file start.csv (CSV, C-alpha atoms)
chain,number,residue,atom,x,y,z
X,16,MET,CA,93.6,126.0,200.0
X,17,PRO,CA,97.3,125.8,199.0
X,18,GLY,CA,99.3,128.6,200.3
X,19,ASP,CA,96.6,129.7,202.8
X,20,CYS,CA,98.4,131.0,205.9
X,21,CYS,CA,95.9,129.2,208.1
X,22,HIS,CA,96.1,125.9,206.2
X,23,GLN,CA,96.8,122.9,208.5
X,24,SER,CA,98.5,119.9,207.0
X,25,ASP,CA,98.7,116.4,208.6
X,26,ASP,CA,102.4,116.7,209.1
X,27,ARG,CA,102.4,119.9,211.1
X,28,PRO,CA,104.5,119.9,214.3
X,29,ASP,CA,102.9,118.3,217.3
X,30,PRO,CA,102.2,121.0,220.0
X,31,GLN,CA,102.5,118.4,222.7
X,32,ARG,CA,106.2,117.7,222.0
X,33,GLY,CA,108.6,118.6,224.8
X,34,ASP,CA,110.7,120.9,222.6
X,35,TYR,CA,107.8,123.2,221.9
X,36,ARG,CA,107.0,123.4,225.6
X,37,ARG,CA,110.6,124.4,226.4
X,38,LEU,CA,110.5,127.1,223.7
X,39,LEU,CA,107.3,128.5,225.2
X,40,TRP,CA,109.0,128.7,228.7
X,41,ILE,CA,111.9,130.6,227.1
X,42,ALA,CA,109.6,132.9,225.3
X,43,LEU,CA,107.6,133.5,228.5
X,44,ALA,CA,110.7,134.5,230.4
X,45,ILE,CA,112.0,136.9,227.7
X,46,ASN,CA,108.6,138.6,227.4
X,47,CYS,CA,108.3,139.1,231.2
X,48,ILE,CA,111.8,140.7,231.3
X,49,MET,CA,111.2,142.9,228.3
X,50,PHE,CA,107.8,144.1,229.6
X,51,ALA,CA,109.5,145.5,232.7
X,52,VAL,CA,112.2,147.1,230.6
X,53,GLU,CA,109.9,148.7,228.1
X,54,VAL,CA,107.2,149.9,230.4
X,55,LEU,CA,109.7,151.8,232.6
X,56,SER,CA,111.5,153.2,229.5
X,57,GLY,CA,108.3,154.2,227.8
X,58,VAL,CA,107.0,156.1,230.8
X,59,ARG,CA,110.4,157.9,231.4
X,60,GLY,CA,110.9,158.5,227.7
X,61,GLY,CA,107.4,159.6,226.9
X,62,SER,CA,107.0,157.2,224.0
X,63,VAL,CA,103.6,155.8,223.1
X,64,SER,CA,105.1,153.2,220.7
X,65,LEU,CA,107.4,151.9,223.5
X,66,LEU,CA,104.4,151.8,225.9
X,67,ALA,CA,102.4,149.9,223.3
X,68,ASP,CA,105.2,147.5,222.8
X,69,SER,CA,105.5,147.0,226.6
X,70,LEU,CA,101.9,146.1,226.8
X,71,ASP,CA,102.4,143.7,223.9
X,72,PHE,CA,105.2,142.0,225.8
X,73,LEU,CA,102.8,141.6,228.7
X,74,GLY,CA,100.0,140.2,226.6
X,75,ASP,CA,102.4,137.8,224.9
X,76,ALA,CA,103.7,136.6,228.3
X,77,ALA,CA,100.1,135.8,229.2
X,78,ASN,CA,99.5,134.2,225.8
X,79,TYR,CA,102.5,131.9,226.3
X,80,GLY,CA,101.4,131.1,229.8
X,81,ILE,CA,97.9,130.1,228.5
X,82,SER,CA,99.4,128.1,225.8
X,83,LEU,CA,101.5,126.1,228.3
X,84,VAL,CA,98.4,125.4,230.3
X,85,VAL,CA,96.4,124.0,227.4
X,86,LEU,CA,99.2,122.4,225.5
X,87,SER,CA,98.1,118.9,226.2
X,88,SER,CA,94.4,119.6,226.0
X,89,SER,CA,92.0,118.8,223.2
X,90,ILE,CA,91.7,120.9,220.0
X,91,GLY,CA,88.5,122.4,221.4
X,92,ALA,CA,90.2,123.6,224.6
X,93,ARG,CA,93.1,125.0,222.6
X,94,ALA,CA,90.7,126.8,220.3
X,95,ARG,CA,88.9,128.4,223.2
X,96,ALA,CA,92.2,129.5,224.7
X,97,SER,CA,93.2,131.1,221.4
X,98,ARG,CA,89.9,133.1,221.5
X,99,VAL,CA,90.9,134.5,224.9
X,100,LYS,CA,94.3,135.5,223.5
X,101,ALA,CA,92.6,137.0,220.5
X,102,ALA,CA,90.4,139.1,222.8
X,103,SER,CA,93.5,140.3,224.6
X,104,MET,CA,95.1,141.4,221.3
X,105,LEU,CA,91.9,143.2,220.4
X,106,ALA,CA,91.9,145.0,223.7
X,107,PHE,CA,95.6,145.9,223.2
X,108,GLY,CA,94.8,147.6,219.8
X,109,VAL,CA,91.9,149.6,221.2
X,110,TRP,CA,94.0,150.7,224.2
X,111,VAL,CA,96.9,151.9,222.0
X,112,PHE,CA,94.5,154.0,219.9
X,113,GLY,CA,93.2,155.7,223.1
X,114,LEU,CA,96.7,156.3,224.4
X,115,ALA,CA,97.9,157.8,221.1
X,116,SER,CA,94.9,160.1,221.1
X,117,TRP,CA,95.8,161.4,224.6
X,118,HIS,CA,99.5,162.0,223.6
X,119,LEU,CA,98.3,163.8,220.5
X,120,VAL,CA,96.4,166.3,222.8
X,121,THR,CA,99.3,166.8,225.2
X,122,GLY,CA,101.9,167.1,222.4
X,123,ARG,CA,104.8,165.5,224.4
X,124,VAL,CA,107.9,164.7,222.2
X,125,PRO,CA,109.4,161.3,223.2
X,126,SER,CA,113.1,160.7,223.9
X,127,VAL,CA,114.9,159.6,220.8
X,128,PRO,CA,117.9,157.8,222.6
X,129,THR,CA,115.5,155.9,224.8
X,130,MET,CA,113.4,154.8,221.8
X,131,GLY,CA,116.5,153.8,219.8
X,132,ILE,CA,118.3,151.8,222.6
X,133,VAL,CA,115.3,150.0,224.0
X,134,GLY,CA,113.8,149.4,220.6
X,135,THR,CA,117.0,147.7,219.5
X,136,VAL,CA,117.1,145.5,222.6
X,137,ALA,CA,113.5,144.6,222.1
X,138,LEU,CA,114.1,143.7,218.4
X,139,LEU,CA,116.9,141.4,219.3
X,140,ALA,CA,114.8,139.7,222.0
X,141,ASN,CA,111.8,139.2,219.8
X,142,GLY,CA,113.9,138.1,216.8
X,143,LEU,CA,115.3,135.3,219.0
X,144,VAL,CA,111.8,134.2,220.0
X,145,ALA,CA,110.6,134.4,216.4
X,146,GLY,CA,113.5,132.3,215.3
X,147,LEU,CA,112.8,129.7,217.9
X,148,LEU,CA,109.0,129.4,217.1
X,149,PHE,CA,109.2,129.8,213.3
X,150,ARG,CA,108.6,126.1,212.6
X,151,TYR,CA,105.4,126.1,214.6
X,152,ARG,CA,103.8,129.0,212.7
X,153,ALA,CA,101.3,126.8,210.8
X,154,GLY,CA,99.8,124.6,213.5
X,155,ASP,CA,96.3,124.9,215.1
X,156,SER,CA,94.8,128.3,216.1
X,157,ASN,CA,96.6,128.2,219.4
X,158,MET,CA,100.0,127.7,217.9
X,159,ARG,CA,99.2,130.2,215.2
X,160,SER,CA,98.2,132.8,217.7
X,161,VAL,CA,101.6,132.3,219.5
X,162,TRP,CA,103.4,132.8,216.2
X,163,LEU,CA,101.3,135.8,215.1
X,164,CYS,CA,102.0,137.5,218.5
X,165,THR,CA,105.7,136.9,218.1
X,166,ARG,CA,105.7,138.1,214.4
X,167,ASN,CA,103.8,141.2,215.4
X,168,ASP,CA,106.4,142.0,218.1
X,169,VAL,CA,109.3,141.9,215.6
X,170,LEU,CA,107.4,144.2,213.2
X,171,GLY,CA,106.5,146.5,216.0
X,172,ASN,CA,110.1,146.7,217.1
X,173,VAL,CA,111.2,147.7,213.6
X,174,ALA,CA,108.5,150.3,213.6
X,175,VAL,CA,109.6,151.7,216.9
X,176,LEU,CA,113.1,152.2,215.5
X,177,LEU,CA,111.7,153.9,212.4
X,178,ALA,CA,109.6,156.1,214.7
X,179,ALA,CA,112.8,157.1,216.6
X,180,LEU,CA,114.4,158.2,213.3
X,181,GLY,CA,111.2,160.1,212.4
X,182,VAL,CA,111.1,161.9,215.8
X,183,PHE,CA,114.8,162.7,215.5
X,184,GLY,CA,114.3,164.1,212.0
X,185,THR,CA,111.1,166.1,212.6
X,186,GLY,CA,111.4,167.0,216.3
X,187,SER,CA,107.7,166.1,216.7
X,188,ALA,CA,105.7,163.3,218.2
X,189,TRP,CA,103.9,162.4,215.0
X,190,PRO,CA,106.1,159.5,213.9
X,191,ASP,CA,105.8,157.9,217.4
X,192,LEU,CA,102.0,158.3,217.3
X,193,ALA,CA,101.7,157.0,213.7
X,194,VAL,CA,103.7,153.9,214.6
X,195,ALA,CA,101.5,153.3,217.7
X,196,ALA,CA,98.4,153.5,215.4
X,197,ILE,CA,100.0,151.0,213.0
X,198,MET,CA,100.8,148.6,215.8
X,199,SER,CA,97.3,148.7,217.2
X,200,THR,CA,95.8,148.0,213.7
X,201,LEU,CA,98.1,145.0,213.4
X,202,ALA,CA,96.9,143.7,216.7
X,203,ILE,CA,93.3,144.1,215.7
X,204,THR,CA,93.6,142.4,212.3
X,205,SER,CA,95.6,139.5,213.8
X,206,ALA,CA,92.9,139.0,216.5
X,207,ALA,CA,90.3,138.8,213.8
X,208,ASN,CA,92.4,136.2,211.9
X,209,ILE,CA,92.7,134.1,215.1
X,210,LEU,CA,89.0,134.4,215.9
X,211,ARG,CA,88.0,133.1,212.5
X,212,GLN,CA,90.3,130.1,212.6
X,213,SER,CA,89.4,129.2,216.2
X,214,GLY,CA,85.7,129.5,215.4
X,215,SER,CA,86.2,127.1,212.5
X,216,GLU,CA,88.0,124.7,214.8
X,217,LEU,CA,85.3,124.8,217.5
X,218,ARG,CA,82.6,124.1,214.9
X,219,ASP,CA,84.6,121.1,213.5
X,220,HIS,CA,85.2,119.9,217.1
X,221,ALA,CA,81.5,120.1,217.9
X,222,LYS,CA,80.5,118.2,214.8
X,223,ARG,CA,83.0,115.4,215.6
X,224,TYR,CA,81.6,115.3,219.2
X,225,GLU,CA,78.0,115.0,217.9
X,226,ASN,CA,78.9,112.3,215.5
X,227,SER,CA,80.9,110.2,218.0

call {"tool": "encode", "arguments": {"input": "start.csv", "output": "structure tokens"}}
result
Amino acid sequence: MPGDCCHQSDDRPDPQRGDYRRLLWIALAINCIMFAVEVLSGVRGGSVSLLADSLDFLGDAANYGISLVVLSSSIGARARASRVKAASMLAFGVWVFGLASWHLVTGRVPSVPTMGIVGTVALLANGLVAGLLFRYRAGDSNMRSVWLCTRNDVLGNVAVLLAALGVFGTGSAWPDLAVAAIMSTLAITSAANILRQSGSELRDHAKRYENS
């Protein structure tokens, strides 16, 4: 259907091109570095949204790595890899809900300066990756899963900064917990999107194989 976010046209970018592979390596390196920065900062600053974002960086690093492995594989192999990545996004969303519930019980107020500084650095890093991968956002389910993970990161970073402002203004952990819940919901809905598209690709691939 025209305008469908999952629509694939015949002139979409070729995922086997060398420039896309180089971009994935850059994205992988950035995500590994930012995972280390955010997980340390999230633990020290007591921020659930930063911890959620750190795990997202780790998941994205794994996603980029998987994409590099299957880049030259068949559409069926890429679709199966995207389903693995979707499962990791789903697990991320469930984990964040559990972590937010725990912090709700303990009532720890996160560090606003830590959230603000680290959130800004993370936003710049993910903004760079999103800009690099933007033209590959409408490819097959594997390429789309890479783009959705990157887009979710940018939105998550903006949300962390808004949470920092909320914690500063209210003096409570509620804004941090609310943002963590939103980030987990975004991960779950994106995972469902990828699972639907990859499932369709696998069915089409199986039909072509049977007819060949």

call {"tool": "closest_residue", "arguments": {"input": "start.csv", "among": "X:Leu143, X:Met198, X:Leu163, X:Ala51", "to": "X:Ala178", "atoms": "all atoms listed in the file"}}
result
X:Met198

call {"tool": "residues_near_point", "arguments": {"input": "start.csv", "point": "(108.3, 130.0, 226.0)", "cutoff": "9 Å", "atoms": "all atoms listed in the file", "output": "JSON, numbers by chain"}}
result
{"X": [35, 36, 37, 38, 39, 40, 41, 42, 43, 44, 45, 46, 76, 79, 80, 83, 144, 148]}

call {"tool": "residues_near_point", "arguments": {"input": "start.csv", "point": "(96.5, 130.8, 225.9)", "cutoff": "10 Å", "atoms": "all atoms listed in the file", "output": "list in words"}}
result
Asp75, Ala76, Ala77, Asn78, Tyr79, Gly80, Ile81, Ser82, Leu83, Val84, Val85, Leu86, Ala92, Arg93, Ala94, Arg95, Ala96, Ser97, Arg98, Val99, Lys100, Ala101, Asn157, Met158, Ser160 and Val161 of chain X

call {"tool": "closest_residue", "arguments": {"input": "start.csv", "among": "X:Ala221, X:Ala195, X:Leu139, X:Leu119", "to": "X:Asp68", "atoms": "only C-alpha atoms"}}
result
X:Ala195

call {"tool": "closest_residue", "arguments": {"input": "start.csv", "among": "X:Ala202, X:Arg218, X:Tyr151, X:Ser187", "to": "X:Leu70", "atoms": "only C-alpha atoms"}}
result
X:Ala202

call {"tool": "closest_residue", "arguments": {"input": "start.csv", "among": "X:Ser64, X:Asn208, X:Ser215, X:Ser126", "to": "X:Leu170", "atoms": "all atoms listed in the file"}}
result
X:Ser64

call {"tool": "atom_distance", "arguments": {"input": "start.csv", "atom1": "atom CA of X:Leu180", "atom2": "atom CA of X:Leu73"}}
result
25.4 Å

call {"tool": "atom_distance", "arguments": {"input": "start.csv", "atom1": "atom CA of X:Thr129", "atom2": "atom CA of X:Val58"}}
result
10.4 Å

call {"tool": "closest_residue", "arguments": {"input": "start.csv", "among": "X:Thr121, X:Ser103, X:Thr135, X:Asn141", "to": "X:Ser205", "atoms": "all atoms listed in the file"}}
result
X:Ser103

call {"tool": "atom_distance", "arguments": {"input": "start.csv", "atom1": "atom CA of X:Val124", "atom2": "atom CA of X:Leu177"}}
result
15.1 Å

call {"tool": "residues_around", "arguments": {"input": "start.csv", "residues": "X:Pro125", "least_positions_apart": "5", "cutoff": "7 Å", "atoms": "only C-alpha atoms", "output": "list in words"}}
result
Gly60, Gly61, Ser62 and Ala188 of chain X

call {"tool": "write_last_selection", "arguments": {"input": "start.csv", "atoms": "C-alpha atoms", "output": "PDB file, keeping the file's coordinate frame"}}
result
ATOM      1  CA  GLY X  60     110.900 158.500 227.700  1.00  0.00           C
ATOM      2  CA  GLY X  61     107.400 159.600 226.900  1.00  0.00           C
ATOM      3  CA  SER X  62     107.000 157.200 224.000  1.00  0.00           C
ATOM      4  CA  ALA X 188     105.700 163.300 218.200  1.00  0.00           C
TER       5      ALA X 188
END

call {"tool": "residues_around", "arguments": {"input": "start.csv", "residues": "X:Val52", "least_positions_apart": "2", "cutoff": "10 Å", "atoms": "only C-alpha atoms", "output": "PDB file with C-alpha atoms, in the frame of the given file"}}
result
ATOM      1  CA  ASN X  46     108.600 138.600 227.400  1.00  0.00           C
ATOM      2  CA  CYS X  47     108.300 139.100 231.200  1.00  0.00           C
ATOM      3  CA  ILE X  48     111.800 140.700 231.300  1.00  0.00           C
ATOM      4  CA  MET X  49     111.200 142.900 228.300  1.00  0.00           C
ATOM      5  CA  PHE X  50     107.800 144.100 229.600  1.00  0.00           C
ATOM      6  CA  VAL X  54     107.200 149.900 230.400  1.00  0.00           C
ATOM      7  CA  LEU X  55     109.700 151.800 232.600  1.00  0.00           C
ATOM      8  CA  SER X  56     111.500 153.200 229.500  1.00  0.00           C
ATOM      9  CA  GLY X  57     108.300 154.200 227.800  1.00  0.00           C
ATOM     10  CA  LEU X  65     107.400 151.900 223.500  1.00  0.00           C
ATOM     11  CA  SER X  69     105.500 147.000 226.600  1.00  0.00           C
ATOM     12  CA  PHE X  72     105.200 142.000 225.800  1.00  0.00           C
ATOM     13  CA  VAL X 133     115.300 150.000 224.000  1.00  0.00           C
ATOM     14  CA  VAL X 136     117.100 145.500 222.600  1.00  0.00           C
ATOM     15  CA  ALA X 137     113.500 144.600 222.100  1.00  0.00           C
TER      16      ALA X 137
END

call {"tool": "closest_residue", "arguments": {"input": "start.csv", "among": "X:Ala102, X:Ala196, X:Ala115, X:Val173", "to": "X:Leu210", "atoms": "only C-alpha atoms"}}
result
X:Ala102

call {"tool": "residues_around", "arguments": {"input": "start.csv", "residues": "X:Asn172", "least_positions_apart": "4", "cutoff": "7 Å", "atoms": "only C-alpha atoms", "output": "JSON list (two decimals) with C-alpha atoms, keeping the file's coordinate frame"}}
result
[["chain", "number", "residue", "atom", "x", "y", "z"],
["X", 134, "GLY", "CA", 113.80, 149.40, 220.60],
["X", 137, "ALA", "CA", 113.50, 144.60, 222.10],
["X", 138, "LEU", "CA", 114.10, 143.70, 218.40],
["X", 168, "ASP", "CA", 106.40, 142.00, 218.10],
["X", 176, "LEU", "CA", 113.10, 152.20, 215.50]]

call {"tool": "axis_aligned_box", "arguments": {"input": "start.csv", "around": "stretch 188-203 of chain X", "padding_each_side": "8 Å", "output": "JSON"}}
result
{"center_x": 99.7, "center_y": 153.5, "center_z": 215.6, "size_x": 28.8, "size_y": 35.6, "size_z": 21.2}
